[in-house]
>>> print(open('final-v4.pdb').read())   # PDB, C-alpha atoms and all ligand atoms
ATOM      1  CA  MET V   1      44.880  30.948 -22.582
ATOM      2  CA  THR V   2      41.547  29.940 -21.105
ATOM      3  CA  ARG V   3      40.111  26.537 -21.713
ATOM      4  CA  THR V   4      36.412  26.266 -22.408
ATOM      5  CA  GLU V   5      34.618  23.082 -21.550
ATOM      6  CA  THR V   6      31.804  21.845 -23.688
ATOM      7  CA  THR V   7      29.098  19.842 -22.082
ATOM      8  CA  THR V   8      26.941  17.752 -24.355
ATOM      9  CA  VAL V   9      23.509  17.088 -22.986
ATOM     10  CA  VAL V  10      22.332  13.699 -24.155
ATOM     11  CA  PRO V  11      18.539  13.406 -23.975
ATOM     12  CA  PRO V  12      17.356  10.165 -22.423
ATOM     13  CA  ALA V  13      16.621   7.548 -25.060
ATOM     14  CA  THR V  14      12.959   6.919 -25.811
ATOM     15  CA  PRO V  15      12.123   3.872 -23.749
ATOM     16  CA  GLU V  16      11.264   0.686 -25.556
ATOM     17  CA  LEU V  17       8.172  -1.150 -24.399
ATOM     18  CA  PRO V  18       6.396  -4.284 -25.618
ATOM     19  CA  ARG V  19       4.056  -3.235 -28.441
ATOM     20  CA  SER V  20       0.993  -4.764 -26.847
ATOM     21  CA  LEU V  21       1.380  -2.837 -23.575
ATOM     22  CA  ARG V  22      -1.556  -0.501 -22.793
ATOM     23  CA  HIS V  23      -1.510  -0.088 -19.022
ATOM     24  CA  ILE V  24       1.333   0.044 -16.529
ATOM     25  CA  VAL V  25      -0.182  -0.390 -13.093
ATOM     26  CA  LEU V  26       1.727   0.558  -9.944
ATOM     27  CA  THR V  27       0.854  -1.219  -6.741
ATOM     28  CA  GLY V  28       2.185  -1.192  -3.177
ATOM     29  CA  PHE V  29       1.320   0.040   0.281
ATOM     30  CA  MET V  30       0.645   3.680   1.178
ATOM     31  CA  GLY V  31       3.874   5.691   0.906
ATOM     32  CA  ALA V  32       5.370   3.399  -1.753
ATOM     33  CA  GLY V  33       5.563   6.330  -4.196
ATOM     34  CA  LYS V  34       2.951   5.054  -6.648
ATOM     35  CA  SER V  35       1.649   8.525  -7.552
ATOM     36  CA  THR V  36       5.015  10.304  -7.702
ATOM     37  CA  VAL V  37       6.662   7.524  -9.716
ATOM     38  CA  GLY V  38       3.557   7.070 -11.879
ATOM     39  CA  ARG V  39       3.486  10.732 -12.865
ATOM     40  CA  LEU V  40       7.194  10.713 -13.776
ATOM     41  CA  LEU V  41       6.897   7.431 -15.665
ATOM     42  CA  ALA V  42       3.912   8.670 -17.679
ATOM     43  CA  ALA V  43       5.764  11.883 -18.559
ATOM     44  CA  ARG V  44       8.812   9.861 -19.675
ATOM     45  CA  LEU V  45       6.630   7.706 -21.929
ATOM     46  CA  GLY V  46       4.286  10.438 -23.172
ATOM     47  CA  TRP V  47       1.386   8.419 -21.705
ATOM     48  CA  SER V  48      -1.510   9.582 -19.518
ATOM     49  CA  PHE V  49      -1.280   9.276 -15.760
ATOM     50  CA  LEU V  50      -4.221   8.297 -13.618
ATOM     51  CA  ASP V  51      -4.294   8.153  -9.827
ATOM     52  CA  LEU V  52      -7.090   5.771  -8.844
ATOM     53  CA  ASP V  53      -7.945   7.676  -5.641
ATOM     54  CA  HIS V  54      -8.277  10.953  -7.576
ATOM     55  CA  HIS V  55     -10.291   9.251 -10.308
ATOM     56  CA  LEU V  56     -12.624   7.826  -7.647
ATOM     57  CA  GLU V  57     -12.876  11.169  -5.842
ATOM     58  CA  SER V  58     -13.838  13.046  -8.996
ATOM     59  CA  ARG V  59     -16.452  10.386  -9.857
ATOM     60  CA  ALA V  60     -17.910  10.467  -6.311
ATOM     61  CA  GLY V  61     -17.611  14.235  -5.768
ATOM     62  CA  LEU V  62     -16.133  13.493  -2.316
ATOM     63  CA  SER V  63     -12.611  13.062  -0.950
ATOM     64  CA  VAL V  64     -11.383   9.638   0.239
ATOM     65  CA  PRO V  65     -11.553  10.647   3.964
ATOM     66  CA  GLU V  66     -15.085  12.006   3.396
ATOM     67  CA  ILE V  67     -16.197   8.743   1.793
ATOM     68  CA  PHE V  68     -14.749   6.721   4.720
ATOM     69  CA  ALA V  69     -16.334   9.041   7.306
ATOM     70  CA  ARG V  70     -19.777   9.310   5.707
ATOM     71  CA  HIS V  71     -20.245   5.899   4.115
ATOM     72  CA  GLY V  72     -17.617   3.556   5.605
ATOM     73  CA  GLU V  73     -14.765   1.528   4.117
ATOM     74  CA  LEU V  74     -16.988  -1.034   2.406
ATOM     75  CA  HIS V  75     -18.645   1.672   0.318
ATOM     76  CA  PHE V  76     -15.213   3.111  -0.519
ATOM     77  CA  ARG V  77     -14.107  -0.351  -1.729
ATOM     78  CA  ARG V  78     -17.140  -0.611  -4.027
ATOM     79  CA  LEU V  79     -16.378   2.793  -5.545
ATOM     80  CA  GLU V  80     -12.739   1.749  -5.895
ATOM     81  CA  SER V  81     -13.661  -1.338  -7.946
ATOM     82  CA  THR V  82     -15.889   0.593 -10.353
ATOM     83  CA  ALA V  83     -13.258   3.332 -10.671
ATOM     84  CA  LEU V  84     -10.676   0.647 -11.488
ATOM     85  CA  ALA V  85     -12.857  -0.852 -14.235
ATOM     86  CA  SER V  86     -13.330   2.625 -15.717
ATOM     87  CA  ALA V  87      -9.592   3.436 -15.479
ATOM     88  CA  LEU V  88      -8.638   0.250 -17.315
ATOM     89  CA  GLY V  89     -10.761   1.386 -20.258
ATOM     90  CA  GLN V  90      -8.248   4.126 -21.030
ATOM     91  CA  PRO V  91      -5.337   3.169 -23.296
ATOM     92  CA  HIS V  92      -1.679   4.055 -22.749
ATOM     93  CA  THR V  93      -2.113   4.937 -19.134
ATOM     94  CA  VAL V  94       0.118   4.632 -16.105
ATOM     95  CA  LEU V  95      -2.255   3.851 -13.262
ATOM     96  CA  ALA V  96      -1.402   4.287  -9.574
ATOM     97  CA  LEU V  97      -3.645   2.025  -7.487
ATOM     98  CA  GLY V  98      -4.690   2.708  -3.908
ATOM     99  CA  GLY V  99      -2.794   0.670  -1.314
ATOM    100  CA  GLY V 100      -5.798  -1.575  -0.669
ATOM    101  CA  THR V 101      -6.979  -2.102  -4.272
ATOM    102  CA  PRO V 102      -5.305  -5.536  -4.773
ATOM    103  CA  GLU V 103      -6.828  -6.943  -1.573
ATOM    104  CA  PHE V 104     -10.040  -7.656  -3.444
ATOM    105  CA  LEU V 105     -10.377 -10.583  -5.798
ATOM    106  CA  THR V 106     -12.592  -8.664  -8.262
ATOM    107  CA  ASN V 107      -9.855  -6.054  -8.626
ATOM    108  CA  ARG V 108      -7.101  -8.641  -9.040
ATOM    109  CA  LEU V 109      -9.117 -10.420 -11.719
ATOM    110  CA  LEU V 110      -9.722  -7.132 -13.524
ATOM    111  CA  LEU V 111      -5.995  -6.391 -13.489
ATOM    112  CA  GLU V 112      -4.986  -9.905 -14.528
ATOM    113  CA  GLN V 113      -7.563 -10.238 -17.273
ATOM    114  CA  THR V 114      -7.374  -6.838 -18.945
ATOM    115  CA  PRO V 115      -5.222  -7.348 -22.052
ATOM    116  CA  GLY V 116      -1.986  -5.369 -22.258
ATOM    117  CA  THR V 117      -1.830  -4.737 -18.508
ATOM    118  CA  VAL V 118       1.344  -5.181 -16.483
ATOM    119  CA  THR V 119       1.506  -4.616 -12.725
ATOM    120  CA  VAL V 120       4.642  -3.427 -10.943
ATOM    121  CA  PHE V 121       5.017  -3.633  -7.151
ATOM    122  CA  LEU V 122       6.887  -0.774  -5.453
ATOM    123  CA  ASP V 123       8.205  -2.397  -2.298
ATOM    124  CA  ALA V 124       9.724  -1.041   0.936
ATOM    125  CA  PRO V 125       9.637  -2.089   4.602
ATOM    126  CA  PHE V 126       6.714  -0.904   6.745
ATOM    127  CA  PRO V 127       8.693   1.582   8.908
ATOM    128  CA  THR V 128      10.050   3.325   5.783
ATOM    129  CA  LEU V 129       6.562   3.573   4.288
ATOM    130  CA  PHE V 130       5.059   4.787   7.531
ATOM    131  CA  ASP V 131       7.683   7.534   7.885
ATOM    132  CA  ARG V 132       7.126   8.654   4.294
ATOM    133  CA  CYS V 133       3.364   8.867   4.919
ATOM    134  CA  VAL V 134       3.859  10.952   8.066
ATOM    135  CA  LEU V 135       5.993  13.399   6.057
ATOM    136  CA  GLN V 136       3.428  13.602   3.237
ATOM    137  CA  GLU V 137       0.652  14.955   5.495
ATOM    138  CA  ILE V 138      -2.034  13.342   3.327
ATOM    139  CA  SER V 139      -5.112  12.286   5.283
ATOM    140  CA  ARG V 140      -5.263   8.476   5.142
ATOM    141  CA  PRO V 141      -8.045   6.871   7.215
ATOM    142  CA  VAL V 142      -6.354   3.446   7.114
ATOM    143  CA  LEU V 143      -3.262   4.876   8.871
ATOM    144  CA  ALA V 144      -5.226   6.252  11.827
ATOM    145  CA  ASP V 145      -4.311   3.121  13.814
ATOM    146  CA  PRO V 146      -0.605   2.374  13.091
ATOM    147  CA  ALA V 147      -0.695  -1.153  14.600
ATOM    148  CA  ALA V 148      -3.698  -2.096  12.455
ATOM    149  CA  ALA V 149      -1.952  -0.561   9.422
ATOM    150  CA  GLN V 150       1.118  -2.737  10.074
ATOM    151  CA  LEU V 151      -1.126  -5.809  10.164
ATOM    152  CA  ARG V 152      -2.697  -4.797   6.858
ATOM    153  CA  PHE V 153       0.781  -4.377   5.415
ATOM    154  CA  ALA V 154       1.748  -7.920   6.499
ATOM    155  CA  GLU V 155      -1.446  -9.336   4.977
ATOM    156  CA  ARG V 156      -1.132  -7.433   1.745
ATOM    157  CA  HIS V 157       2.563  -7.928   1.081
ATOM    158  CA  PRO V 158       2.260 -11.466  -0.408
ATOM    159  CA  ILE V 159      -0.761 -10.303  -2.446
ATOM    160  CA  TYR V 160       1.196  -7.433  -4.019
ATOM    161  CA  ARG V 161       4.026  -9.841  -4.829
ATOM    162  CA  ARG V 162       1.783 -12.441  -6.436
ATOM    163  CA  LEU V 163      -0.128  -9.909  -8.503
ATOM    164  CA  ALA V 164       2.878  -8.050  -9.870
ATOM    165  CA  LYS V 165       5.069  -9.213 -12.710
ATOM    166  CA  HIS V 166       7.931  -7.076 -11.392
ATOM    167  CA  THR V 167       8.922  -5.966  -7.888
ATOM    168  CA  ILE V 168      11.135  -2.918  -7.396
ATOM    169  CA  ASP V 169      12.750  -2.314  -4.001
ATOM    170  CA  THR V 170      12.290   1.434  -3.524
ATOM    171  CA  SER V 171      13.644   1.648   0.022
ATOM    172  CA  ALA V 172      16.963   3.256  -0.937
ATOM    173  CA  ILE V 173      16.288   4.900  -4.301
ATOM    174  CA  GLU V 174      14.694   8.136  -5.521
ATOM    175  CA  ALA V 175      11.506   8.242  -7.586
ATOM    176  CA  ILE V 176      13.415   8.986 -10.799
ATOM    177  CA  GLU V 177      15.625   5.914 -10.258
ATOM    178  CA  THR V 178      12.507   3.825  -9.684
ATOM    179  CA  VAL V 179      11.219   5.010 -13.078
ATOM    180  CA  GLU V 180      14.422   3.824 -14.758
ATOM    181  CA  ALA V 181      14.254   0.492 -12.897
ATOM    182  CA  ILE V 182      10.683  -0.008 -14.129
ATOM    183  CA  LEU V 183      11.630   0.810 -17.725
ATOM    184  CA  LEU V 184      14.507  -1.635 -17.546
ATOM    185  CA  ALA V 185      12.243  -4.360 -16.162
ATOM    186  CA  LEU V 186       9.663  -3.756 -18.907
ATOM    187  CA  ALA V 187      12.057  -3.473 -21.847
ATOM    188  CA  PRO V 188      11.542  -6.220 -24.431
ATOM    189  CA  ARG V 189      14.335  -8.809 -24.397
TER     190      ARG V 189
HETATM  191  C1  LIG V 201      -5.750   2.909   1.231
HETATM  192  C2  LIG V 201      -4.780   3.609   0.561
HETATM  193  C3  LIG V 201      -5.017   4.954  -0.009
HETATM  194  C4  LIG V 201      -6.505   5.162  -0.314
HETATM  195  C5  LIG V 201      -7.337   4.854   0.881
HETATM  196  C6  LIG V 201      -7.137   3.418   1.395
HETATM  197  C7  LIG V 201      -5.419   1.573   1.800
HETATM  198  O1  LIG V 201      -4.268   5.099  -1.222
HETATM  199  O2  LIG V 201      -6.907   4.346  -1.383
HETATM  200  O3  LIG V 201      -7.020   5.798   1.883
HETATM  201  O4  LIG V 201      -6.338   0.818   2.148
HETATM  202  O5  LIG V 201      -4.207   1.250   1.848
HETATM  203  P1  LIG V 201      -2.667   5.356  -1.267
HETATM  204  O6  LIG V 201      -1.993   4.025  -1.213
HETATM  205  O7  LIG V 201      -2.470   6.029  -2.586
HETATM  206  O8  LIG V 201      -2.342   6.236  -0.121
END
>>> encode(input="final-v4.pdb", output="structure tokens")
Amino acid sequence: MTRTETTTVVPPATPELPRSLRHIVLTGFMGAGKSTVGRLLAARLGWSFLDLDHHLESRAGLSVPEIFARHGELHFRRLESTALASALGQPHTVLALGGGTPEFLTNRLLLEQTPGTVTVFLDAPFPTLFDRCVLQEISRPVLADPAAAQLRFAERHPIYRRLAKHTIDTSAIEAIETVEAILLALAPR
């Protein structure tokens, strides 16, 4: 007699979030996984996903490296702030910031003062982030000088921590596990 095994597939429970929540903002250095995790998180919640760099690029009609090369970093930062203000106008959105977005006070104030906005910091040590970026083959002007990038990381790290309500250590977990860790952190108690 043969035995048949029945496997029951249990769909993941619909995540519970505070009712007033309108934006989940992911912050962290380049390579933290903001875009990958953000896309998965938005899909899990049935929310929209917005990558701030892509939003900025479509508004400017230029890629991030083109903006840096033609107009310089300062101009990029101005575009980034206006793109952030526009992104925060959209409800029920998971927003992946650029690695440098929280460096600027205007941006931090926007994030802190927009009702229903929670910021989550995806953390990992610099060497891990750097290796991930090398593998991704995305052109990132700020990584052109690795020593300068490490300095930026050291300067930004306390800023990410202060801005975020939750910090998730992503150094040893996959993107999908990071999504679950975020949902757990955000669940109403
Ligand atoms: C930057 C990070 C990039 C992009 C730009 C500048 C930075 O975004 O905004 O190249 O200053 O750290 P990602 O963190 O999505 O790579």
>>> residues_around(input="final-v4.pdb", residues="stretch 32-35 of chain V", least_positions_apart="6", cutoff="6 Å", atoms="only C-alpha atoms", output="list in words")
Leu26, Ala96 and Leu122 of chain V
>>> resolve_selection(input="final-v4.pdb", expression="the PyMOL selection byres (((chain V and resi 94) around 9) and not hetatm)", output="ChimeraX atom specification")
/V:22-26,38-39,41-42,47-51,92-93,95-96
>>> residues_near_ligand(input="final-v4.pdb", ligand="ligand LIG 201 (chain V)", cutoff="9 Å", atoms="all atoms listed in the file", output="ChimeraX atom specification")
/V:27-35,51-53,64-65,68,73,76-77,80,96-101,103,133,138-143,149,152-153
>>> write_last_selection(input="final-v4.pdb", atoms="C-alpha atoms", output="CSV table (one decimal), in the coordinates of the input")
chain,number,residue,atom,x,y,z
V,27,THR,CA,0.9,-1.2,-6.7
V,28,GLY,CA,2.2,-1.2,-3.2
V,29,PHE,CA,1.3,0.0,0.3
V,30,MET,CA,0.6,3.7,1.2
V,31,GLY,CA,3.9,5.7,0.9
V,32,ALA,CA,5.4,3.4,-1.8
V,33,GLY,CA,5.6,6.3,-4.2
V,34,LYS,CA,3.0,5.1,-6.6
V,35,SER,CA,1.6,8.5,-7.6
V,51,ASP,CA,-4.3,8.2,-9.8
V,52,LEU,CA,-7.1,5.8,-8.8
V,53,ASP,CA,-7.9,7.7,-5.6
V,64,VAL,CA,-11.4,9.6,0.2
V,65,PRO,CA,-11.6,10.6,4.0
V,68,PHE,CA,-14.7,6.7,4.7
V,73,GLU,CA,-14.8,1.5,4.1
V,76,PHE,CA,-15.2,3.1,-0.5
V,77,ARG,CA,-14.1,-0.4,-1.7
V,80,GLU,CA,-12.7,1.7,-5.9
V,96,ALA,CA,-1.4,4.3,-9.6
V,97,LEU,CA,-3.6,2.0,-7.5
V,98,GLY,CA,-4.7,2.7,-3.9
V,99,GLY,CA,-2.8,0.7,-1.3
V,100,GLY,CA,-5.8,-1.6,-0.7
V,101,THR,CA,-7.0,-2.1,-4.3
V,103,GLU,CA,-6.8,-6.9,-1.6
V,133,CYS,CA,3.4,8.9,4.9
V,138,ILE,CA,-2.0,13.3,3.3
V,139,SER,CA,-5.1,12.3,5.3
V,140,ARG,CA,-5.3,8.5,5.1
V,141,PRO,CA,-8.0,6.9,7.2
V,142,VAL,CA,-6.4,3.4,7.1
V,143,LEU,CA,-3.3,4.9,8.9
V,149,ALA,CA,-2.0,-0.6,9.4
V,152,ARG,CA,-2.7,-4.8,6.9
V,153,PHE,CA,0.8,-4.4,5.4
>>> axis_aligned_box(input="final-v4.pdb", around="stretch 155-168 of chain V", padding_each_side="4 Å", output="JSON")
{"center_x": 4.8, "center_y": -7.7, "center_z": -3.9, "size_x": 20.6, "size_y": 17.5, "size_z": 25.7}
>>> atom_distance(input="final-v4.pdb", atom1="atom CA of V:Ala185", atom2="atom CA of V:Ala124")
17.6 Å
>>> atom_distance(input="final-v4.pdb", atom1="atom CA of V:Ile182", atom2="atom CA of V:Ala83")
24.4 Å
>>> atom_distance(input="final-v4.pdb", atom1="atom CA of V:Leu186", atom2="atom CA of V:Gln90")
19.7 Å
>>> residues_around(input="final-v4.pdb", residues="V:Leu21", least_positions_apart="5", cutoff="8 Å", atoms="only C-alpha atoms", output="PyMOL selection string")
chain V and resi 92+116-118
>>> closest_residue(input="final-v4.pdb", among="V:His71, V:His166, V:Arg78, V:His157", to="V:Pro125", atoms="all atoms listed in the file")
V:His157
>>> residues_around(input="final-v4.pdb", residues="V:Ile173", least_positions_apart="2", cutoff="12 Å", atoms="only C-alpha atoms", output="short mmCIF file (atom, residue, chain, number, x, y, z; two decimals) with C-alpha atoms, keeping the file's coordinate frame")
data_model
loop_
_atom_site.label_atom_id
_atom_site.label_comp_id
_atom_site.auth_asym_id
_atom_site.auth_seq_id
_atom_site.Cartn_x
_atom_site.Cartn_y
_atom_site.Cartn_z
CA ALA V 32 5.37 3.40 -1.75
CA GLY V 33 5.56 6.33 -4.20
CA VAL V 37 6.66 7.52 -9.72
CA LEU V 122 6.89 -0.77 -5.45
CA ASP V 123 8.20 -2.40 -2.30
CA ALA V 124 9.72 -1.04 0.94
CA THR V 128 10.05 3.32 5.78
CA ILE V 168 11.14 -2.92 -7.40
CA ASP V 169 12.75 -2.31 -4.00
CA THR V 170 12.29 1.43 -3.52
CA SER V 171 13.64 1.65 0.02
CA ALA V 175 11.51 8.24 -7.59
CA ILE V 176 13.42 8.99 -10.80
CA GLU V 177 15.62 5.91 -10.26
CA THR V 178 12.51 3.82 -9.68
CA VAL V 179 11.22 5.01 -13.08
CA GLU V 180 14.42 3.82 -14.76
CA ALA V 181 14.25 0.49 -12.90
#
